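The structure under discussion appears below in the form of structure tokens.
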Amino acid sequence: MNEYKKVIPGFGIREGKAAALWGADCCENDVLALSRYYGDSGADELFLYDLSETDEDHERSIGLIKEIARTADVPIITGGRVRRLEDVKKYLYAGAKAVFLNVDVDENVDLMKEASDRFGDDKIYAWLPDFTWLERTAEYSQLGASVMILGCACPSEAETARLEEKEETFILSSDCPDAAVFSSMLASGRVSGVISSMTGKSPSCMELKQQLKKNGIAVDTFESAVAWEDFKLNSDGLIPVIVQDYRTSEVLMMAYMNQEAFEATLHSGLMTYFSRSRQSLWLKGETSGHYQYVKSLSLDCDNDTLLAKVNQIGAACHTGARSCFFQTLVKKEYQETNPLKVFEDVFAIILDRKENPKEGSYTNYLFDKGIDKILKKLGEEATEIVIAAKNPDPEEVKYEISDFLYHMMVLMADKGVTWEDITRELANR
């Protein structure tokens, strides 16, 4: 069981919209925006219940889960519409950390061992609709479910106490994101986290975790490894902060913090600065909505400058520019060698050719000929790599691998796969 207890926002997905776990009403049109908000605002994981009733809606939910996994930057637990092993695979391939099987569906219980053997028991959870199923948790554990999710709206203290008699790990659920209720549930040594039916944006997960922390619950919040007193401040008692996009490392802006701003940033997970012109605290995005969600804070070797990596919502600059550093003064041309940047640049050209065909373009020739031609060329280039590898000259290998990667990117563009999809998949392995 993890050292920290987890706060897990949860909602159902039906017809592309978010629905409360204990109600049928859809209450949020933009599922992606809601999921990204939770990922940014301190959620440890996301719980997504696929409430689709038709195959078409199920496929739409799979697509949404895939996009959430790509952009929300938080592990996902999902399930709900499992008819066969293929459905479990679809959820996992969409990017889910784990898939739950509903134990009140006999076919799901029958599928549990096969799914666990195929994908690993860490990928399979059991969904128990209420406490009447508690006596069978040992059976589900033997079948391969590594975590039991109790899907009741709000368990009583007596019900929670029953978990101490068990050996399994549990995630409980609540229909109200209340710190006192959460604290009671998380106090159990058998409970690793709580799912809350959260389909709105207040309170934020970080705010909730700060309340839990006050109640003595060990939760994952921002704690500085270096005390403010050990920072070297400028003559105004401030420390400069350089801000970067956490995905691309693009430098976005530079600002200053005093102690109050630094502590507010740690508490909320939102970048908060000290405005020298107004002589007051400045929560970035408070008026514009262009918030900066903290991903990491680092201190330089002299303890006198902070580096913040953030998820920037909208523009960082007051001019509306993405970055404040958009005025080029001097520049010497150089060849970009950052691997991912090179891949992204080439891939962008391939995508542009797909959207805006250019006469005489080899890329457009491949797209026009279709998937069979693309696959034929990819196979040929793979064979060329094998042949080149038998040659002692490494230059030929580099050339053939480059050809292969180009044709692979054409295939990626044709199938709607991005480099971010690939790197995220590799990172998860």
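A note on labels: chains of the structure tokens are A, B, ... as shown, every chain counts residues from 1, and ligands are counted from 1 in their shown order.
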Q. Residues at most 7 Å from stretch 220-227 of chain A, counting only C-alpha atoms, excluding those fewer than 3 positions away in the same chain, as a PyMOL selection string?
A. chain A and resi 4+230+266-267
Q: Would you please give, as a ChimeraX atom specification, all residues of stretch 32-221 of chain A that DSSP assigns to helix (DSSP H, G or I) based on the backbone?
A: /A:32-40,55-71,85-93,106-119,121-123,131-143,157-165,179-186,205-214
Produce a table with one row for each residue of stretch 130-164 of chain A that has an atom at most 10 Å from any atom of stretch 101-114 of chain A, each row naming the nearest atom pair and its distance in Å at one decimal; use only C-alpha atoms; arrange rows by chain and rising residue number; format as a Markdown table.
```
| residue | atom | partner | partner_atom | distance |
| --- | --- | --- | --- | --- |
| A:Asp130 | CA | A:Asp104 | CA | 10.0 |
| A:Trp133 | CA | A:Val103 | CA | 8.3 |
| A:Arg136 | CA | A:Val103 | CA | 9.6 |
| A:Thr137 | CA | A:Val103 | CA | 10.0 |
| A:Glu139 | CA | A:Val109 | CA | 9.7 |
| A:Tyr140 | CA | A:Val109 | CA | 7.7 |
| A:Ser141 | CA | A:Met112 | CA | 9.5 |
| A:Gln142 | CA | A:Lys113 | CA | 8.3 |
| A:Leu143 | CA | A:Lys113 | CA | 4.7 |
| A:Gly144 | CA | A:Lys113 | CA | 5.5 |
| A:Ala145 | CA | A:Met112 | CA | 7.0 |
| A:Met148 | CA | A:Leu101 | CA | 9.8 |
| A:Ile149 | CA | A:Asn102 | CA | 9.5 |
| A:Gly151 | CA | A:Asn102 | CA | 9.8 |
```
Q) Near stretch 54-58 of chain A, counting only C-alpha atoms, which residues have an atom at most 10 Å away, once you skip same-chain residues fewer than 2 positions from it, shown as a PyMOL selection string? A) chain A and resi 13-16+50-52+60-64+80-82+87
Residues just named, written with all heavy atoms as a short mmCIF file (atom, residue, chain, number, x, y, z; two decimals), in the first residue's frame:
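Just written: part.cif:
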```cif
data_model
loop_
_atom_site.label_atom_id
_atom_site.label_comp_id
_atom_site.auth_asym_id
_atom_site.auth_seq_id
_atom_site.Cartn_x
_atom_site.Cartn_y
_atom_site.Cartn_z
N ILE A 13 -19.15 8.48 -17.56
CA ILE A 13 -19.16 9.05 -18.91
C ILE A 13 -20.31 8.42 -19.67
O ILE A 13 -20.37 7.20 -19.83
CB ILE A 13 -17.84 8.80 -19.65
CG1 ILE A 13 -16.66 9.41 -18.89
CG2 ILE A 13 -17.91 9.38 -21.06
CD1 ILE A 13 -15.31 9.13 -19.55
N ARG A 14 -21.22 9.27 -20.09
CA ARG A 14 -22.36 8.79 -20.89
C ARG A 14 -22.60 9.79 -22.02
O ARG A 14 -22.70 10.99 -21.79
CB ARG A 14 -23.62 8.67 -20.03
CG ARG A 14 -24.85 8.24 -20.84
CD ARG A 14 -26.14 8.25 -20.04
NE ARG A 14 -26.19 7.12 -19.12
CZ ARG A 14 -26.18 7.25 -17.80
NH1 ARG A 14 -26.11 8.46 -17.26
NH2 ARG A 14 -26.24 6.19 -17.02
N GLU A 15 -22.65 9.29 -23.24
CA GLU A 15 -22.91 10.12 -24.41
C GLU A 15 -21.93 11.29 -24.49
O GLU A 15 -22.28 12.40 -24.87
CB GLU A 15 -24.35 10.62 -24.41
CG GLU A 15 -25.37 9.49 -24.48
CD GLU A 15 -26.80 9.98 -24.40
OE1 GLU A 15 -26.99 11.19 -24.21
OE2 GLU A 15 -27.71 9.15 -24.51
N GLY A 16 -20.69 11.01 -24.11
CA GLY A 16 -19.65 12.02 -24.21
C GLY A 16 -19.66 13.07 -23.13
O GLY A 16 -18.87 14.02 -23.18
N ASP A 50 -17.49 4.02 -17.28
CA ASP A 50 -18.08 4.04 -18.61
C ASP A 50 -19.54 3.58 -18.51
O ASP A 50 -19.82 2.40 -18.32
CB ASP A 50 -17.28 3.12 -19.54
CG ASP A 50 -17.82 3.07 -20.96
OD1 ASP A 50 -18.78 3.81 -21.26
OD2 ASP A 50 -17.27 2.30 -21.77
N LEU A 51 -20.47 4.53 -18.64
CA LEU A 51 -21.90 4.24 -18.51
C LEU A 51 -22.59 4.04 -19.86
O LEU A 51 -23.81 4.06 -19.95
CB LEU A 51 -22.59 5.39 -17.75
CG LEU A 51 -22.11 5.63 -16.32
CD1 LEU A 51 -22.71 6.91 -15.77
CD2 LEU A 51 -22.48 4.45 -15.42
N SER A 52 -21.79 3.85 -20.89
CA SER A 52 -22.37 3.71 -22.24
C SER A 52 -23.24 2.47 -22.34
O SER A 52 -22.96 1.44 -21.72
CB SER A 52 -21.25 3.67 -23.28
OG SER A 52 -20.37 2.59 -23.03
N ARG A 60 -17.01 5.81 -28.27
CA ARG A 60 -16.80 7.23 -28.00
C ARG A 60 -16.15 7.41 -26.63
O ARG A 60 -15.25 8.23 -26.47
CB ARG A 60 -18.12 7.99 -28.07
CG ARG A 60 -17.97 9.46 -27.69
CD ARG A 60 -19.15 10.31 -28.13
NE ARG A 60 -20.44 9.74 -27.78
CZ ARG A 60 -21.61 10.31 -28.07
NH1 ARG A 60 -21.63 11.46 -28.74
NH2 ARG A 60 -22.75 9.75 -27.73
N SER A 61 -16.61 6.63 -25.66
CA SER A 61 -16.01 6.70 -24.32
C SER A 61 -14.55 6.28 -24.34
O SER A 61 -13.70 6.90 -23.68
CB SER A 61 -16.79 5.83 -23.33
OG SER A 61 -18.10 6.31 -23.14
N ILE A 62 -14.23 5.22 -25.10
CA ILE A 62 -12.85 4.77 -25.24
C ILE A 62 -11.99 5.90 -25.81
O ILE A 62 -10.87 6.17 -25.34
CB ILE A 62 -12.76 3.53 -26.15
CG1 ILE A 62 -13.43 2.32 -25.49
CG2 ILE A 62 -11.30 3.22 -26.50
CD1 ILE A 62 -12.71 1.76 -24.31
N GLY A 63 -12.51 6.59 -26.82
CA GLY A 63 -11.79 7.71 -27.41
C GLY A 63 -11.55 8.82 -26.41
O GLY A 63 -10.46 9.42 -26.37
N LEU A 64 -12.55 9.12 -25.58
CA LEU A 64 -12.39 10.16 -24.55
C LEU A 64 -11.37 9.74 -23.50
O LEU A 64 -10.54 10.56 -23.08
CB LEU A 64 -13.74 10.43 -23.88
CG LEU A 64 -14.71 11.32 -24.66
CD1 LEU A 64 -16.08 11.32 -23.98
CD2 LEU A 64 -14.17 12.75 -24.75
N GLY A 80 -16.57 -0.56 -16.54
CA GLY A 80 -18.00 -0.33 -16.56
C GLY A 80 -18.73 -1.08 -17.64
O GLY A 80 -19.80 -1.63 -17.42
N ARG A 81 -18.16 -1.09 -18.85
CA ARG A 81 -18.83 -1.81 -19.94
C ARG A 81 -17.90 -2.89 -20.47
O ARG A 81 -17.33 -2.80 -21.54
CB ARG A 81 -19.25 -0.86 -21.06
CG ARG A 81 -20.27 -1.49 -22.03
CD ARG A 81 -20.73 -0.49 -23.07
NE ARG A 81 -21.89 -0.99 -23.81
CZ ARG A 81 -21.83 -1.81 -24.85
NH1 ARG A 81 -20.65 -2.23 -25.29
NH2 ARG A 81 -22.93 -2.21 -25.46
N VAL A 82 -17.74 -3.93 -19.66
CA VAL A 82 -16.88 -5.05 -20.03
C VAL A 82 -17.74 -6.25 -20.39
O VAL A 82 -18.48 -6.76 -19.55
CB VAL A 82 -15.90 -5.41 -18.89
CG1 VAL A 82 -15.08 -6.62 -19.26
CG2 VAL A 82 -15.00 -4.23 -18.56
N ASP A 87 -12.61 -5.88 -24.29
CA ASP A 87 -12.99 -4.60 -23.69
C ASP A 87 -11.96 -4.16 -22.66
O ASP A 87 -11.64 -2.97 -22.55
CB ASP A 87 -14.37 -4.69 -23.05
CG ASP A 87 -15.47 -4.89 -24.09
OD1 ASP A 87 -15.43 -4.20 -25.12
OD2 ASP A 87 -16.35 -5.73 -23.85
#
```
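Interatomic distance, atom CA of A:Leu306 against atom CA of A:Asn234: 12.6 Å.
With distances taken over only C-alpha atoms, A:Phe47 is the one residue among A:Phe274, A:Phe404, A:Tyr37, A:Phe47 lying closest to A:Leu172.
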Find the spatial neighbours of A:Met257, counting only C-alpha atoms, within a cut-off of 8 Å - ignore same-chain residues fewer than 6 positions away - and output them as an mmCIF file with N, CA, C and O atoms, in the first residue's frame.
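Done, and the output landed in around_3.cif:
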```
data_model
loop_
_atom_site.group_PDB
_atom_site.id
_atom_site.type_symbol
_atom_site.label_atom_id
_atom_site.label_comp_id
_atom_site.auth_asym_id
_atom_site.auth_seq_id
_atom_site.Cartn_x
_atom_site.Cartn_y
_atom_site.Cartn_z
ATOM 1 N N LEU A 238 13.033 39.378 -1.895
ATOM 2 C CA LEU A 238 12.341 38.551 -2.882
ATOM 3 C C LEU A 238 13.313 37.582 -3.544
ATOM 4 O O LEU A 238 14.527 37.789 -3.514
ATOM 5 N N ILE A 239 12.752 36.536 -4.144
ATOM 6 C CA ILE A 239 13.558 35.599 -4.918
ATOM 7 C C ILE A 239 12.975 35.534 -6.331
ATOM 8 O O ILE A 239 11.750 35.436 -6.498
ATOM 9 N N PRO A 240 13.825 35.645 -7.370
ATOM 10 C CA PRO A 240 13.314 35.557 -8.741
ATOM 11 C C PRO A 240 12.906 34.127 -9.091
ATOM 12 O O PRO A 240 13.503 33.163 -8.606
ATOM 13 N N VAL A 241 11.888 34.015 -9.941
ATOM 14 C CA VAL A 241 11.366 32.717 -10.355
ATOM 15 C C VAL A 241 11.314 32.666 -11.883
ATOM 16 O O VAL A 241 10.648 33.487 -12.509
ATOM 17 N N THR A 272 1.876 31.595 -7.437
ATOM 18 C CA THR A 272 1.505 32.862 -6.823
ATOM 19 C C THR A 272 2.763 33.687 -6.645
ATOM 20 O O THR A 272 3.770 33.179 -6.142
ATOM 21 N N TYR A 273 2.718 34.942 -7.049
ATOM 22 C CA TYR A 273 3.907 35.797 -7.028
ATOM 23 C C TYR A 273 3.671 37.031 -6.164
ATOM 24 O O TYR A 273 2.555 37.278 -5.680
ATOM 25 N N PHE A 274 4.737 37.805 -6.006
ATOM 26 C CA PHE A 274 4.620 39.112 -5.362
ATOM 27 C C PHE A 274 4.800 40.172 -6.438
ATOM 28 O O PHE A 274 5.824 40.210 -7.131
#
```
(Q) Give me the residues near A:Leu405 as a ChimeraX atom specification, where near means some atom within 10 Å (using only C-alpha atoms) and where sequence neighbours in that chain fewer than 6 positions away do not count. (A) /A:343,378,381-382,411
Q | A:Glu250 surroundings by only C-alpha atoms, 12 Å radius, close-in-sequence under 4 positions cut, as a ChimeraX atom specification | A | /A:242-246,308-312,316,322-326,341
Just the selected residues (N, CA and C atoms), exported as an mmCIF file, in the first residue's frame, please.
```cif
data_model
loop_
_atom_site.group_PDB
_atom_site.id
_atom_site.type_symbol
_atom_site.label_atom_id
_atom_site.label_comp_id
_atom_site.auth_asym_id
_atom_site.auth_seq_id
_atom_site.Cartn_x
_atom_site.Cartn_y
_atom_site.Cartn_z
ATOM 1 N N ILE A 242 12.039 31.718 -12.465
ATOM 2 C CA ILE A 242 11.975 31.475 -13.898
ATOM 3 C C ILE A 242 10.941 30.377 -14.122
ATOM 4 N N VAL A 243 10.037 30.604 -15.075
ATOM 5 C CA VAL A 243 8.914 29.685 -15.277
ATOM 6 C C VAL A 243 9.010 29.041 -16.653
ATOM 7 N N GLN A 244 8.936 27.693 -16.664
ATOM 8 C CA GLN A 244 9.006 26.921 -17.902
ATOM 9 C C GLN A 244 7.759 26.069 -18.077
ATOM 10 N N ASP A 245 7.396 25.804 -19.330
ATOM 11 C CA ASP A 245 6.373 24.818 -19.635
ATOM 12 C C ASP A 245 6.933 23.435 -19.296
ATOM 13 N N TYR A 246 6.192 22.658 -18.527
ATOM 14 C CA TYR A 246 6.734 21.391 -18.031
ATOM 15 C C TYR A 246 6.871 20.329 -19.118
ATOM 16 N N ALA A 308 10.504 27.092 -11.909
ATOM 17 C CA ALA A 308 9.186 26.458 -11.802
ATOM 18 C C ALA A 308 8.818 25.831 -13.135
ATOM 19 N N LYS A 309 8.426 24.567 -13.114
ATOM 20 C CA LYS A 309 7.881 23.916 -14.299
ATOM 21 C C LYS A 309 6.374 23.785 -14.075
ATOM 22 N N VAL A 310 5.614 24.316 -15.020
ATOM 23 C CA VAL A 310 4.176 24.456 -14.809
ATOM 24 C C VAL A 310 3.400 23.977 -16.031
ATOM 25 N N ASN A 311 2.118 23.703 -15.800
ATOM 26 C CA ASN A 311 1.183 23.554 -16.905
ATOM 27 C C ASN A 311 0.516 24.909 -17.079
ATOM 28 N N GLN A 312 0.845 25.589 -18.146
ATOM 29 C CA GLN A 312 0.331 26.926 -18.408
ATOM 30 C C GLN A 312 -1.004 26.843 -19.124
ATOM 31 N N ALA A 316 1.026 33.038 -21.112
ATOM 32 C CA ALA A 316 1.777 33.447 -19.921
ATOM 33 C C ALA A 316 1.980 34.955 -19.883
ATOM 34 N N ARG A 322 2.187 33.494 -25.873
ATOM 35 C CA ARG A 322 2.389 32.299 -25.059
ATOM 36 C C ARG A 322 3.507 32.513 -24.052
ATOM 37 N N SER A 323 4.626 33.096 -24.515
ATOM 38 C CA SER A 323 5.787 33.364 -23.665
ATOM 39 C C SER A 323 6.081 34.860 -23.661
ATOM 40 N N CYS A 324 6.614 35.335 -22.537
ATOM 41 C CA CYS A 324 7.033 36.735 -22.472
ATOM 42 C C CYS A 324 8.272 36.982 -23.335
ATOM 43 N N PHE A 325 9.010 35.926 -23.660
ATOM 44 C CA PHE A 325 10.272 36.062 -24.387
ATOM 45 C C PHE A 325 10.056 35.833 -25.886
ATOM 46 N N PHE A 326 9.388 36.782 -26.529
ATOM 47 C CA PHE A 326 9.086 36.638 -27.950
ATOM 48 C C PHE A 326 9.823 37.649 -28.831
ATOM 49 N N LYS A 341 12.279 17.170 -30.412
ATOM 50 C CA LYS A 341 11.967 18.373 -31.194
ATOM 51 C C LYS A 341 12.107 18.079 -32.688
#
```
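Of the residues under consideration (A:Ala255, A:Leu34, A:Cys205, A:Ile349), A:Ile349 shows the shortest atom-to-atom contact distance to A:Asn364 when counting only C-alpha atoms.
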Q) Which residue, A:Leu186, A:Ile217, A:Cys317, A:Met412, has the smallest gap to A:Pro155 when you use only C-alpha atoms? A) A:Leu186
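For the atom pair formed by atom CA of A:Ala218 and atom CA of A:Tyr38, the distance is 19.4 Å, given to one decimal.
These are the residues of stretch 301-420 of chain A assigned strand (DSSP E) by DSSP from backbone coordinates: Leu306, Leu307, Ala308, Lys309, Val310, Asn311 and Gln312 of chain A.
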Create the file for the chosen residues now, containing all heavy atoms and written as a PDB file, in the first residue's frame.
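Result saved to out.pdb:
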```
ATOM      1  N   LEU A 306      14.634  30.456  -8.240  1.00  0.00           N
ATOM      2  CA  LEU A 306      13.751  29.299  -8.372  1.00  0.00           C
ATOM      3  C   LEU A 306      13.456  29.022  -9.840  1.00  0.00           C
ATOM      4  O   LEU A 306      13.345  29.945 -10.650  1.00  0.00           O
ATOM      5  CB  LEU A 306      12.419  29.548  -7.647  1.00  0.00           C
ATOM      6  CG  LEU A 306      12.442  29.603  -6.119  1.00  0.00           C
ATOM      7  CD1 LEU A 306      11.059  29.962  -5.590  1.00  0.00           C
ATOM      8  CD2 LEU A 306      12.906  28.290  -5.530  1.00  0.00           C
ATOM      9  N   LEU A 307      13.329  27.745 -10.169  1.00  0.00           N
ATOM     10  CA  LEU A 307      12.875  27.317 -11.487  1.00  0.00           C
ATOM     11  C   LEU A 307      11.565  26.569 -11.297  1.00  0.00           C
ATOM     12  O   LEU A 307      11.518  25.562 -10.588  1.00  0.00           O
ATOM     13  CB  LEU A 307      13.913  26.407 -12.152  1.00  0.00           C
ATOM     14  CG  LEU A 307      13.497  25.785 -13.486  1.00  0.00           C
ATOM     15  CD1 LEU A 307      13.296  26.865 -14.548  1.00  0.00           C
ATOM     16  CD2 LEU A 307      14.517  24.752 -13.956  1.00  0.00           C
ATOM     17  N   ALA A 308      10.504  27.092 -11.909  1.00  0.00           N
ATOM     18  CA  ALA A 308       9.186  26.458 -11.802  1.00  0.00           C
ATOM     19  C   ALA A 308       8.818  25.831 -13.135  1.00  0.00           C
ATOM     20  O   ALA A 308       8.896  26.493 -14.175  1.00  0.00           O
ATOM     21  CB  ALA A 308       8.139  27.493 -11.407  1.00  0.00           C
ATOM     22  N   LYS A 309       8.426  24.567 -13.114  1.00  0.00           N
ATOM     23  CA  LYS A 309       7.881  23.916 -14.299  1.00  0.00           C
ATOM     24  C   LYS A 309       6.374  23.785 -14.075  1.00  0.00           C
ATOM     25  O   LYS A 309       5.936  23.235 -13.054  1.00  0.00           O
ATOM     26  CB  LYS A 309       8.544  22.563 -14.538  1.00  0.00           C
ATOM     27  CG  LYS A 309      10.031  22.713 -14.888  1.00  0.00           C
ATOM     28  CD  LYS A 309      10.611  21.476 -15.515  1.00  0.00           C
ATOM     29  CE  LYS A 309      12.040  21.740 -15.989  1.00  0.00           C
ATOM     30  NZ  LYS A 309      12.633  20.597 -16.693  1.00  0.00           N
ATOM     31  N   VAL A 310       5.614  24.316 -15.020  1.00  0.00           N
ATOM     32  CA  VAL A 310       4.176  24.456 -14.809  1.00  0.00           C
ATOM     33  C   VAL A 310       3.400  23.977 -16.031  1.00  0.00           C
ATOM     34  O   VAL A 310       3.936  23.885 -17.131  1.00  0.00           O
ATOM     35  CB  VAL A 310       3.802  25.935 -14.532  1.00  0.00           C
ATOM     36  CG1 VAL A 310       4.607  26.494 -13.372  1.00  0.00           C
ATOM     37  CG2 VAL A 310       3.990  26.802 -15.786  1.00  0.00           C
ATOM     38  N   ASN A 311       2.118  23.703 -15.800  1.00  0.00           N
ATOM     39  CA  ASN A 311       1.183  23.554 -16.905  1.00  0.00           C
ATOM     40  C   ASN A 311       0.516  24.909 -17.079  1.00  0.00           C
ATOM     41  O   ASN A 311      -0.265  25.340 -16.232  1.00  0.00           O
ATOM     42  CB  ASN A 311       0.148  22.475 -16.623  1.00  0.00           C
ATOM     43  CG  ASN A 311      -0.769  22.237 -17.815  1.00  0.00           C
ATOM     44  OD1 ASN A 311      -0.448  22.591 -18.938  1.00  0.00           O
ATOM     45  ND2 ASN A 311      -1.920  21.647 -17.564  1.00  0.00           N
ATOM     46  N   GLN A 312       0.845  25.589 -18.146  1.00  0.00           N
ATOM     47  CA  GLN A 312       0.331  26.926 -18.408  1.00  0.00           C
ATOM     48  C   GLN A 312      -1.004  26.843 -19.124  1.00  0.00           C
ATOM     49  O   GLN A 312      -1.127  26.264 -20.193  1.00  0.00           O
ATOM     50  CB  GLN A 312       1.333  27.717 -19.262  1.00  0.00           C
ATOM     51  CG  GLN A 312       0.838  29.066 -19.737  1.00  0.00           C
ATOM     52  CD  GLN A 312       0.740  30.071 -18.617  1.00  0.00           C
ATOM     53  OE1 GLN A 312       1.713  30.341 -17.915  1.00  0.00           O
ATOM     54  NE2 GLN A 312      -0.453  30.613 -18.420  1.00  0.00           N
TER      55      GLN A 312
END
```
Q: Considering only C-alpha atoms, return as a VMD selection string whatever protein or nucleic-acid residues lie within 10 Å of A:Ile387, sequence-local ones (same chain, fewer than 4 positions apart) excluded.
A: chain A and resid 381 to 383 391 396 to 397 400
Atoms kept (N, CA and C atoms) for selection, written as a tab-separated table (two decimals), in the first residue's frame:
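Now in selection-v8.tsv:
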```
chain	number	residue	atom	x	y	z
A	381	GLU	N	11.80	-0.84	-45.60
A	381	GLU	CA	12.81	-0.09	-44.85
A	381	GLU	C	13.30	-0.88	-43.64
A	382	ALA	N	12.41	-1.65	-43.00
A	382	ALA	CA	12.83	-2.49	-41.88
A	382	ALA	C	13.83	-3.54	-42.35
A	383	THR	N	13.57	-4.10	-43.52
A	383	THR	CA	14.49	-5.09	-44.09
A	383	THR	C	15.84	-4.45	-44.42
A	391	ASN	N	26.47	-4.87	-42.25
A	391	ASN	CA	27.59	-4.14	-42.83
A	391	ASN	C	28.37	-3.46	-41.71
A	396	GLU	N	25.61	3.51	-42.86
A	396	GLU	CA	24.50	2.94	-43.61
A	396	GLU	C	23.33	2.63	-42.67
A	397	VAL	N	23.64	2.19	-41.46
A	397	VAL	CA	22.59	1.90	-40.48
A	397	VAL	C	21.83	3.17	-40.13
A	400	GLU	N	19.48	4.14	-43.01
A	400	GLU	CA	18.31	3.27	-43.15
A	400	GLU	C	17.32	3.47	-41.99
```
Q: Rank nothing, just name the residue among A:Lys89, A:Lys232, A:Ser41, A:Leu297 nearest to A:Phe262, using only C-alpha atoms.
A: A:Leu297
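Atom CA of A:Lys123 to atom CA of A:Leu92 spans 8.2 Å [interatomic distance, one decimal].
Each of A:Asp236, A:Glu86, A:Asp40, A:Asp403 was checked against A:Met206 using only C-alpha atoms; the smallest atom-to-atom distance is that of A:Asp40.
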